[in-house]
file model27.cif (mmCIF, C-alpha atoms and all ligand atoms)
data_data
loop_
_atom_site.label_atom_id
_atom_site.label_comp_id
_atom_site.auth_asym_id
_atom_site.auth_seq_id
_atom_site.Cartn_x
_atom_site.Cartn_y
_atom_site.Cartn_z
CA MET A 1 -14.83 10.37 0.53
CA THR A 2 -18.42 9.98 -0.58
CA ASP A 3 -21.04 7.95 1.27
CA GLU A 4 -20.91 5.43 -1.60
CA GLU A 5 -17.13 5.07 -1.23
CA LYS A 6 -17.44 4.68 2.55
CA TYR A 7 -20.05 1.96 2.04
CA TYR A 8 -17.78 0.15 -0.41
CA PHE A 9 -14.65 0.40 1.76
CA ASP A 10 -16.54 -0.83 4.81
CA LEU A 11 -18.00 -3.72 2.83
CA CYS A 12 -14.85 -4.82 1.01
CA GLY A 13 -11.87 -3.48 2.96
CA TYR A 14 -10.43 -1.58 0.01
CA ILE A 15 -11.18 1.20 -2.45
CA LEU A 16 -9.79 1.99 -5.88
CA VAL A 17 -9.00 5.67 -6.47
CA ARG A 18 -9.02 6.26 -10.21
CA ASN A 19 -6.59 8.86 -11.65
CA ALA A 20 -5.06 9.56 -8.25
CA LEU A 21 -1.95 10.70 -10.14
CA THR A 22 -1.72 12.97 -13.18
CA GLN A 23 -0.01 11.74 -16.34
CA GLU A 24 2.89 14.11 -15.51
CA GLU A 25 3.30 12.54 -12.06
CA VAL A 26 3.21 9.01 -13.53
CA THR A 27 5.86 10.00 -16.08
CA ALA A 28 8.12 11.58 -13.44
CA LEU A 29 7.80 8.56 -11.13
CA ASN A 30 8.47 6.14 -14.00
CA ARG A 31 11.60 8.16 -14.86
CA ALA A 32 12.73 7.90 -11.23
CA LEU A 33 12.24 4.13 -11.37
CA ASP A 34 13.97 3.77 -14.78
CA ALA A 35 17.00 5.68 -13.50
CA ARG A 36 17.37 3.25 -10.60
CA TRP A 37 16.36 0.00 -12.32
CA ASP A 38 19.78 -1.59 -11.79
CA ASP A 39 19.62 -0.81 -8.06
CA LEU A 40 16.37 -2.74 -7.51
CA GLN A 41 16.87 -5.44 -4.87
CA GLU A 42 15.21 -8.86 -4.85
CA VAL A 43 13.44 -9.67 -1.59
CA HIS A 44 15.67 -11.83 0.63
CA GLU A 45 13.44 -14.88 0.71
CA SER A 46 10.71 -16.35 -1.42
CA LEU A 47 7.30 -14.78 -0.76
CA ALA A 48 5.53 -17.70 -2.48
CA ARG A 49 6.81 -20.12 0.19
CA GLY A 50 6.43 -23.08 -2.16
CA ALA A 51 2.67 -22.64 -2.71
CA LYS A 52 2.00 -24.41 -6.00
CA ASP A 53 0.07 -21.63 -7.78
CA LEU A 54 2.22 -18.81 -6.42
CA VAL A 55 5.74 -20.00 -7.30
CA GLY A 56 7.67 -18.29 -10.11
CA SER A 57 11.05 -18.16 -11.80
CA HIS A 58 12.36 -15.32 -9.62
CA ARG A 59 11.48 -13.03 -6.69
CA ARG A 60 9.89 -9.60 -6.47
CA LYS A 61 12.19 -6.56 -6.57
CA GLY A 62 11.93 -3.32 -4.66
CA LEU A 63 13.67 -0.07 -3.77
CA GLY A 64 12.96 2.89 -1.48
CA LEU A 65 11.70 6.00 -3.27
CA PRO A 66 14.38 8.65 -4.02
CA PHE A 67 12.58 11.42 -2.11
CA GLU A 68 15.76 13.52 -2.14
CA SER A 69 15.94 13.75 -5.98
CA ASN A 70 15.91 17.12 -7.70
CA GLY A 71 13.40 18.46 -10.20
CA ALA A 72 10.11 16.87 -11.24
CA GLU A 73 11.20 13.39 -10.07
CA GLY A 74 11.86 14.48 -6.51
CA GLU A 75 8.74 16.61 -6.39
CA ALA A 76 6.60 13.70 -7.60
CA CYS A 77 8.17 11.35 -5.03
CA ARG A 78 7.71 13.80 -2.14
CA SER A 79 4.13 14.59 -3.20
CA LEU A 80 3.22 10.94 -2.49
CA LEU A 81 3.97 11.47 1.21
CA ALA A 82 0.75 13.47 1.62
CA HIS A 83 -1.00 13.40 -1.72
CA PRO A 84 -4.05 15.70 -1.99
CA ASN A 85 -6.03 13.00 -3.85
CA ILE A 86 -5.34 10.43 -1.12
CA ASN A 87 -5.38 12.52 2.10
CA PRO A 88 -9.21 12.79 2.30
CA TYR A 89 -9.49 8.99 2.13
CA LEU A 90 -6.91 8.44 4.88
CA ASN A 91 -8.56 11.07 7.09
CA GLU A 92 -11.77 9.07 6.83
CA ILE A 93 -10.40 5.51 6.87
CA ILE A 94 -7.62 5.90 9.47
CA GLY A 95 -8.67 9.16 11.13
CA VAL A 96 -7.47 12.75 11.19
CA GLY A 97 -3.81 12.95 12.20
CA PHE A 98 -2.82 9.84 10.22
CA ARG A 99 0.93 9.38 9.85
CA LEU A 100 3.32 7.60 7.50
CA ASP A 101 4.49 4.30 8.96
CA HIS A 102 6.34 2.31 6.26
CA PRO A 103 7.86 4.76 3.75
CA HIS A 104 7.21 4.33 0.05
CA SER A 105 9.03 1.81 -2.07
CA PHE A 106 8.85 0.72 -5.68
CA ILE A 107 7.56 -2.81 -6.21
CA VAL A 108 8.54 -4.49 -9.47
CA GLN A 109 7.43 -7.90 -10.73
CA GLU A 110 8.91 -8.96 -14.04
CA LYS A 111 7.34 -11.65 -16.22
CA GLY A 112 7.40 -14.99 -14.37
CA CYS A 113 7.90 -13.36 -10.96
CA GLU A 114 6.51 -15.39 -8.06
CA GLY A 115 3.49 -14.30 -6.02
CA HIS A 116 3.14 -13.69 -2.29
CA THR A 117 1.18 -15.92 0.11
CA PHE A 118 -1.96 -14.29 1.49
CA HIS A 119 -1.76 -12.43 4.77
CA GLY A 120 -3.59 -9.78 6.76
CA SER A 121 -4.65 -9.32 10.29
CA THR A 122 -8.17 -10.60 9.89
CA GLY A 123 -9.53 -12.45 13.03
CA PRO A 124 -9.84 -14.01 15.42
CA ALA A 125 -7.61 -12.10 17.88
CA PHE A 126 -7.52 -8.32 18.29
CA ASP A 127 -4.32 -6.93 16.81
CA PRO A 128 -3.57 -3.50 18.33
CA ASN A 129 -1.58 -2.40 15.27
CA GLN A 130 -3.74 -3.76 12.49
CA TYR A 131 -7.47 -3.46 13.13
CA TYR A 132 -10.64 -2.31 11.45
CA ILE A 133 -13.37 -1.06 13.78
CA VAL A 134 -16.43 1.09 13.09
CA ARG A 135 -17.95 3.13 15.95
CA ASN A 136 -20.71 5.73 15.64
CA GLY A 137 -20.50 5.61 11.85
CA LYS A 138 -16.74 6.30 11.82
CA MET A 139 -14.19 3.91 10.37
CA ASN A 140 -10.97 3.31 12.33
CA SER A 141 -8.35 1.36 10.42
CA GLY A 142 -4.89 0.81 11.93
CA LEU A 143 -2.17 -0.02 9.43
CA THR A 144 -3.49 0.98 5.99
CA VAL A 145 -1.79 0.55 2.63
CA VAL A 146 -1.73 2.84 -0.41
CA THR A 147 -0.42 1.31 -3.65
CA TRP A 148 -0.02 3.57 -6.70
CA GLN A 149 0.26 2.09 -10.20
CA LEU A 150 2.82 3.37 -12.70
CA GLU A 151 1.73 0.93 -15.42
CA ASP A 152 -1.61 -0.66 -16.34
CA VAL A 153 -2.56 -3.91 -14.60
CA ASN A 154 -4.84 -5.85 -16.96
CA SER A 155 -7.09 -8.80 -16.28
CA GLY A 156 -4.98 -11.97 -16.08
CA ASP A 157 -1.67 -10.15 -15.45
CA GLY A 158 -1.53 -11.20 -11.76
CA GLY A 159 -0.14 -8.84 -9.12
CA PHE A 160 -2.01 -7.40 -6.15
CA THR A 161 -4.99 -9.54 -5.13
CA LEU A 162 -7.29 -9.63 -2.11
CA VAL A 163 -10.31 -11.35 -0.64
CA PRO A 164 -13.01 -8.64 -0.39
CA GLY A 165 -14.70 -8.50 3.02
CA SER A 166 -12.04 -10.58 4.79
CA HIS A 167 -11.15 -7.63 7.07
CA LYS A 168 -14.25 -8.65 9.04
CA GLY A 169 -13.22 -12.29 9.43
CA ASN A 170 -13.76 -13.86 12.84
CA PHE A 171 -12.11 -17.24 12.32
CA PRO A 172 -8.46 -18.14 11.63
CA VAL A 173 -7.61 -18.07 7.92
CA PRO A 174 -7.11 -21.69 6.79
CA GLU A 175 -3.61 -22.48 5.58
CA GLY A 176 -4.99 -23.55 2.18
CA VAL A 177 -6.48 -20.06 1.75
CA ARG A 178 -3.22 -18.36 2.74
CA ARG A 179 -1.48 -20.53 0.15
CA TYR A 180 -4.10 -19.80 -2.55
CA GLU A 181 -4.98 -23.49 -2.78
CA ILE A 182 -8.73 -23.31 -2.10
CA PHE A 183 -11.56 -20.85 -2.92
CA GLN A 184 -9.42 -19.42 -5.74
CA ASP A 185 -12.49 -18.01 -7.47
CA ARG A 186 -13.20 -15.87 -4.36
CA PHE A 187 -9.89 -13.97 -4.69
CA GLU A 188 -10.02 -10.67 -6.56
CA PRO A 189 -6.97 -9.56 -8.57
CA ILE A 190 -7.28 -5.76 -8.80
CA VAL A 191 -7.30 -4.48 -12.39
CA MET A 192 -5.99 -0.90 -12.56
CA LYS A 193 -4.70 1.77 -14.90
CA ALA A 194 -1.45 3.68 -14.57
CA GLY A 195 -2.19 6.58 -12.21
CA ASP A 196 -4.77 4.68 -10.15
CA ALA A 197 -4.21 3.93 -6.46
CA VAL A 198 -5.68 1.19 -4.29
CA ILE A 199 -6.15 1.85 -0.56
CA PHE A 200 -6.74 -1.15 1.68
CA SER A 201 -6.79 -2.00 5.35
CA GLU A 202 -3.90 -4.28 6.32
CA THR A 203 -6.58 -6.43 7.99
CA VAL A 204 -7.97 -7.54 4.63
CA LEU A 205 -6.54 -10.85 3.42
CA HIS A 206 -4.21 -9.85 0.58
CA GLY A 207 -1.20 -11.04 -1.35
CA THR A 208 0.13 -11.29 -4.87
CA LEU A 209 -0.36 -13.56 -7.88
CA PRO A 210 2.60 -14.43 -10.12
CA TRP A 211 3.15 -11.83 -12.85
CA THR A 212 2.30 -13.03 -16.37
CA ALA A 213 2.44 -9.86 -18.53
CA ASP A 214 5.37 -9.00 -20.81
CA LEU A 215 5.69 -5.50 -19.34
CA PRO A 216 6.82 -5.48 -15.70
CA ARG A 217 4.48 -4.52 -12.88
CA ARG A 218 5.47 -1.07 -11.60
CA SER A 219 3.84 -0.06 -8.32
CA ILE A 220 4.69 2.12 -5.33
CA LEU A 221 3.58 0.89 -1.89
CA ALA A 222 3.40 2.81 1.41
CA ARG A 223 1.72 2.14 4.73
CA TYR A 224 0.07 4.74 6.96
CA THR A 225 -1.34 4.42 10.45
CA ALA A 226 -3.20 6.30 13.17
CA ALA A 227 -1.77 9.43 14.84
CA ASN A 228 -0.95 7.56 18.08
CA LEU A 229 0.54 4.40 16.53
CA ALA A 230 3.81 3.13 15.11
CA TYR A 231 4.39 -0.28 13.61
CA VAL A 232 7.98 0.26 12.45
CA PRO A 233 10.43 2.34 14.53
CA TYR A 234 11.91 5.74 13.68
CA LYS A 235 11.65 5.78 9.87
CA TYR A 236 9.87 9.14 10.06
CA LYS A 237 12.87 10.64 11.89
CA ASP A 238 15.30 9.51 9.18
CA LEU A 239 13.12 10.99 6.47
CA LEU A 240 12.52 14.25 8.32
CA GLU A 241 16.24 14.73 8.95
CA GLN A 242 17.18 13.83 5.40
CA LEU A 243 14.55 15.97 3.68
CA SER A 244 13.52 18.72 6.03
CA ASP A 245 14.38 21.64 3.65
CA GLN A 246 12.52 20.05 0.77
CA LEU A 247 9.21 19.25 2.46
CA THR A 248 5.93 21.15 2.60
CA ALA A 249 4.06 21.57 5.88
CA ASP A 250 1.61 18.80 4.87
CA GLN A 251 4.46 16.43 4.04
CA LYS A 252 6.12 17.16 7.39
CA ALA A 253 2.80 16.60 9.18
CA VAL A 254 2.60 12.93 8.12
CA LEU A 255 6.18 12.41 9.33
CA GLU A 256 5.34 13.46 12.89
CA PRO A 257 6.06 10.78 15.50
CA PRO A 258 3.11 9.00 17.11
CA TYR A 259 1.21 11.11 19.66
CA HIS A 260 -2.33 12.31 20.37
CA THR A 261 -4.02 14.82 18.04
CA ARG A 262 -5.08 16.77 21.17
CA LEU A 263 -1.44 17.89 21.66
CA ASN A 264 -1.23 20.43 18.82
CA ARG A 265 -0.50 17.78 16.26
CA PRO A 266 -0.49 19.22 12.71
CA THR A 267 -3.22 17.45 10.73
CA LEU A 268 -4.33 17.48 7.11
O1 LIG B 1 1.12 -5.30 -3.71
C1 LIG B 1 1.33 -6.47 -3.48
O2 LIG B 1 1.66 -7.27 -4.35
C2 LIG B 1 1.16 -6.99 -2.05
C3 LIG B 1 2.29 -6.52 -1.21
C4 LIG B 1 2.18 -6.98 0.22
O3 LIG B 1 1.13 -7.30 0.71
C5 LIG B 1 3.37 -7.05 1.03
O4 LIG B 1 4.49 -6.77 0.55
O5 LIG B 1 3.24 -7.39 2.24
#
call {"tool": "encode", "arguments": {"input": "model27.cif", "output": "structure tokens"}}
result
Amino acid sequence: MTDEEKYYFDLCGYILVRNALTQEEVTALNRALDARWDDLQEVHESLARGAKDLVGSHRRKGLGLPFESNGAEGEACRSLLAHPNINPYLNEIIGVGFRLDHPHSFIVQEKGCEGHTFHGSTGPAFDPNQYYIVRNGKMNSGLTVVTWQLEDVNSGDGGFTLVPGSHKGNFPVPEGVRRYEIFQDRFEPIVMKAGDAVIFSETVLHGTLPWTADLPRRSILARYTAANLAYVPYKYKDLLEQLSDQLTADQKAVLEPPYHTRLNRPTL
């Protein structure tokens, strides 16, 4: 991560990694999604929660990544666990020894799909799972999200959106901001190409705008955290047991349970 990228992440709470995936990886991951399209599940309840500019004709769909698949599909899925183009950013943003917390899932928004009210762990209280603190020139982000794009996101399409800089907020987020009712021109929908990835601290105020494009939004979202932390229980154990023969040492390293790096923890 360059000094310029560190400056930008610290200022805004997110960074866009262009061409994080090769065209071959994007193709393999799109094939994996196509093959499971009918298995996509709508989220159980509306994420728009009645907010006037976030409602839509239907809900977002998702599905866990088929890490166990054979061939190029499986390899592309498993490579996202500890991707060489993302690892250096997570080492810097979260810290060496970072681990996977919420395993990867596809996110699909079809035309007319509702948005998601804005959330994030920005001020005023300290949240021991989701925090962003800088000490001695080193960033320390707790829960941190990586979202890969399998299709272009153009201006006006909707989709992932955030309020840059809000990870440093010190006052409660007003309900009208959470519901995207005020300061709309301060929200930044992130325009991306297929193969790009966005990394953001869960502390930044973020959510989703309704999807307006003809082609569906096709993203993959995962959350990582610090070596000593867990937000969700035991998912790493399930994945390790299910996949152990198929994983590289780096991929296994991010599936380690939470414990101190001092105790011979494998790191990337
Ligand atoms: O990528 C998005 O649309 C935002 C997803 C999100 O923040 C969530 O599911 O909690």
call {"tool": "residues_near_ligand", "arguments": {"input": "model27.cif", "ligand": "ligand LIG 1 (chain B)", "cutoff": "8 Å", "atoms": "only C-alpha atoms and all ligand atoms", "output": "list of chain:residue names"}}
result
A:Ile107, A:Gly115, A:His116, A:Phe118, A:His119, A:Thr147, A:Gly159, A:Phe160, A:Thr161, A:His206, A:Gly207, A:Thr208, A:Leu209, A:Ser219, A:Leu221
call {"tool": "atom_distance", "arguments": {"input": "model27.cif", "atom1": "atom CA of Gln251 of chain A", "atom2": "atom CA of Met192 of chain A"}}
result
26.2 Å
call {"tool": "residues_around", "arguments": {"input": "model27.cif", "residues": "segment 18-29 of chain A", "least_positions_apart": "2", "cutoff": "6 Å", "atoms": "all atoms listed in the file", "output": "mmCIF file with C-alpha atoms, in the coordinates of the input"}}
result
data_model
loop_
_atom_site.group_PDB
_atom_site.id
_atom_site.type_symbol
_atom_site.label_atom_id
_atom_site.label_comp_id
_atom_site.auth_asym_id
_atom_site.auth_seq_id
_atom_site.Cartn_x
_atom_site.Cartn_y
_atom_site.Cartn_z
ATOM 1 C CA ARG A 31 11.600 8.160 -14.860
ATOM 2 C CA ALA A 32 12.730 7.900 -11.230
ATOM 3 C CA GLU A 73 11.200 13.390 -10.070
ATOM 4 C CA ALA A 76 6.600 13.700 -7.600
ATOM 5 C CA ASN A 85 -6.030 13.000 -3.850
ATOM 6 C CA LEU A 150 2.820 3.370 -12.700
ATOM 7 C CA GLY A 195 -2.190 6.580 -12.210
ATOM 8 C CA ASP A 196 -4.770 4.680 -10.150
ATOM 9 C CA ALA A 197 -4.210 3.930 -6.460
#
call {"tool": "atom_distance", "arguments": {"input": "model27.cif", "atom1": "atom CA of Arg178 of chain A", "atom2": "atom CA of Leu205 of chain A"}}
result
8.2 Å
call {"tool": "residues_around", "arguments": {"input": "model27.cif", "residues": "Trp211 of chain A", "least_positions_apart": "6", "cutoff": "12 Å", "atoms": "all atoms listed in the file", "output": "PyMOL selection string"}}
result
chain A and resi 53-60+108-116+153-161+189+217-218
call {"tool": "write_last_selection", "arguments": {"input": "model27.cif", "atoms": "C-alpha atoms", "output": "short mmCIF file (atom, residue, chain, number, x, y, z; two decimals), in the coordinates of the input"}}
result
data_model
loop_
_atom_site.label_atom_id
_atom_site.label_comp_id
_atom_site.auth_asym_id
_atom_site.auth_seq_id
_atom_site.Cartn_x
_atom_site.Cartn_y
_atom_site.Cartn_z
CA ASP A 53 0.07 -21.63 -7.78
CA LEU A 54 2.22 -18.81 -6.42
CA VAL A 55 5.74 -20.00 -7.30
CA GLY A 56 7.67 -18.29 -10.11
CA SER A 57 11.05 -18.16 -11.80
CA HIS A 58 12.36 -15.32 -9.62
CA ARG A 59 11.48 -13.03 -6.69
CA ARG A 60 9.89 -9.60 -6.47
CA VAL A 108 8.54 -4.49 -9.47
CA GLN A 109 7.43 -7.90 -10.73
CA GLU A 110 8.91 -8.96 -14.04
CA LYS A 111 7.34 -11.65 -16.22
CA GLY A 112 7.40 -14.99 -14.37
CA CYS A 113 7.90 -13.36 -10.96
CA GLU A 114 6.51 -15.39 -8.06
CA GLY A 115 3.49 -14.30 -6.02
CA HIS A 116 3.14 -13.69 -2.29
CA VAL A 153 -2.56 -3.91 -14.60
CA ASN A 154 -4.84 -5.85 -16.96
CA SER A 155 -7.09 -8.80 -16.28
CA GLY A 156 -4.98 -11.97 -16.08
CA ASP A 157 -1.67 -10.15 -15.45
CA GLY A 158 -1.53 -11.20 -11.76
CA GLY A 159 -0.14 -8.84 -9.12
CA PHE A 160 -2.01 -7.40 -6.15
CA THR A 161 -4.99 -9.54 -5.13
CA PRO A 189 -6.97 -9.56 -8.57
CA ARG A 217 4.48 -4.52 -12.88
CA ARG A 218 5.47 -1.07 -11.60
#
call {"tool": "closest_residue", "arguments": {"input": "model27.cif", "among": "A:Ser141, A:Arg262, A:Ala230, A:Leu162", "to": "Asp185 of chain A", "atoms": "all atoms listed in the file"}}
result
A:Leu162
call {"tool": "closest_residue", "arguments": {"input": "model27.cif", "among": "A:Pro258, A:Pro266, A:Pro124, A:Gly71", "to": "Pro174 of chain A", "atoms": "all atoms listed in the file"}}
result
A:Pro124
call {"tool": "closest_residue", "arguments": {"input": "model27.cif", "among": "A:Leu243, A:Ala253, A:Cys12, A:Val17", "to": "Thr203 of chain A", "atoms": "only C-alpha atoms"}}
result
A:Cys12
call {"tool": "atom_distance", "arguments": {"input": "model27.cif", "atom1": "atom CA of Arg78 of chain A", "atom2": "atom CA of Gln246 of chain A"}}
result
8.4 Å
call {"tool": "decode", "arguments": {"input": "model27.cif", "residues": "segment 73-101 of chain A", "atoms": "N, CA and C atoms", "output": "compact mmCIF listing (two decimals), in the first residue's frame"}}
result
# COMPACT_ATOMS: atom_id res chain seq x y z
N GLU A 73 -13.34 -22.63 -11.42
CA GLU A 73 -14.34 -21.96 -10.55
C GLU A 73 -13.92 -22.03 -9.09
N GLY A 74 -13.62 -23.26 -8.66
CA GLY A 74 -13.24 -23.47 -7.25
C GLY A 74 -11.96 -22.73 -6.92
N GLU A 75 -11.00 -22.81 -7.85
CA GLU A 75 -9.73 -22.13 -7.60
C GLU A 75 -9.93 -20.62 -7.46
N ALA A 76 -10.78 -20.06 -8.34
CA ALA A 76 -11.02 -18.61 -8.27
C ALA A 76 -11.73 -18.25 -6.96
N CYS A 77 -12.67 -19.09 -6.53
CA CYS A 77 -13.38 -18.82 -5.26
C CYS A 77 -12.38 -18.87 -4.10
N ARG A 78 -11.60 -19.94 -4.04
CA ARG A 78 -10.67 -20.11 -2.91
C ARG A 78 -9.59 -19.02 -2.91
N SER A 79 -9.22 -18.55 -4.11
CA SER A 79 -8.15 -17.53 -4.16
C SER A 79 -8.62 -16.22 -3.50
N LEU A 80 -9.94 -16.01 -3.42
CA LEU A 80 -10.44 -14.79 -2.77
C LEU A 80 -10.24 -14.81 -1.26
N LEU A 81 -10.01 -16.00 -0.69
CA LEU A 81 -9.82 -16.06 0.77
C LEU A 81 -8.61 -15.22 1.19
N ALA A 82 -7.53 -15.33 0.40
CA ALA A 82 -6.29 -14.60 0.73
C ALA A 82 -5.70 -14.15 -0.60
N HIS A 83 -6.31 -13.16 -1.20
CA HIS A 83 -5.90 -12.80 -2.57
C HIS A 83 -4.64 -11.94 -2.55
N PRO A 84 -3.64 -12.32 -3.36
CA PRO A 84 -2.36 -11.59 -3.32
C PRO A 84 -2.49 -10.09 -3.64
N ASN A 85 -3.53 -9.70 -4.37
CA ASN A 85 -3.69 -8.26 -4.66
C ASN A 85 -4.41 -7.51 -3.54
N ILE A 86 -4.94 -8.25 -2.58
CA ILE A 86 -5.68 -7.62 -1.47
C ILE A 86 -4.90 -7.74 -0.16
N ASN A 87 -4.17 -8.86 0.01
CA ASN A 87 -3.45 -9.10 1.28
C ASN A 87 -2.61 -7.90 1.75
N PRO A 88 -1.83 -7.25 0.86
CA PRO A 88 -1.00 -6.14 1.36
C PRO A 88 -1.83 -5.00 1.94
N TYR A 89 -3.03 -4.80 1.40
CA TYR A 89 -3.91 -3.73 1.93
C TYR A 89 -4.41 -4.12 3.31
N LEU A 90 -4.81 -5.38 3.47
CA LEU A 90 -5.37 -5.80 4.77
C LEU A 90 -4.28 -5.83 5.83
N ASN A 91 -3.06 -6.21 5.44
CA ASN A 91 -1.94 -6.16 6.40
C ASN A 91 -1.76 -4.75 6.94
N GLU A 92 -1.96 -3.77 6.09
CA GLU A 92 -1.75 -2.38 6.48
C GLU A 92 -2.97 -1.81 7.21
N ILE A 93 -4.15 -2.11 6.70
CA ILE A 93 -5.37 -1.48 7.23
C ILE A 93 -5.82 -2.16 8.54
N ILE A 94 -5.79 -3.49 8.55
CA ILE A 94 -6.22 -4.23 9.75
C ILE A 94 -5.01 -4.52 10.64
N GLY A 95 -3.95 -4.99 10.00
CA GLY A 95 -2.74 -5.38 10.73
C GLY A 95 -2.33 -6.80 10.34
N VAL A 96 -1.05 -7.09 10.46
CA VAL A 96 -0.54 -8.41 10.11
C VAL A 96 -1.22 -9.45 11.00
N GLY A 97 -1.59 -10.57 10.38
CA GLY A 97 -2.31 -11.61 11.13
C GLY A 97 -3.82 -11.52 10.93
N PHE A 98 -4.26 -10.61 10.03
CA PHE A 98 -5.71 -10.46 9.80
C PHE A 98 -6.33 -11.82 9.48
N ARG A 99 -7.60 -11.96 9.82
CA ARG A 99 -8.30 -13.23 9.59
C ARG A 99 -9.67 -13.00 8.96
N LEU A 100 -10.16 -14.04 8.29
CA LEU A 100 -11.49 -13.95 7.68
C LEU A 100 -12.54 -14.05 8.77
N ASP A 101 -13.52 -13.15 8.74
CA ASP A 101 -14.56 -13.18 9.77
C ASP A 101 -15.90 -13.64 9.17
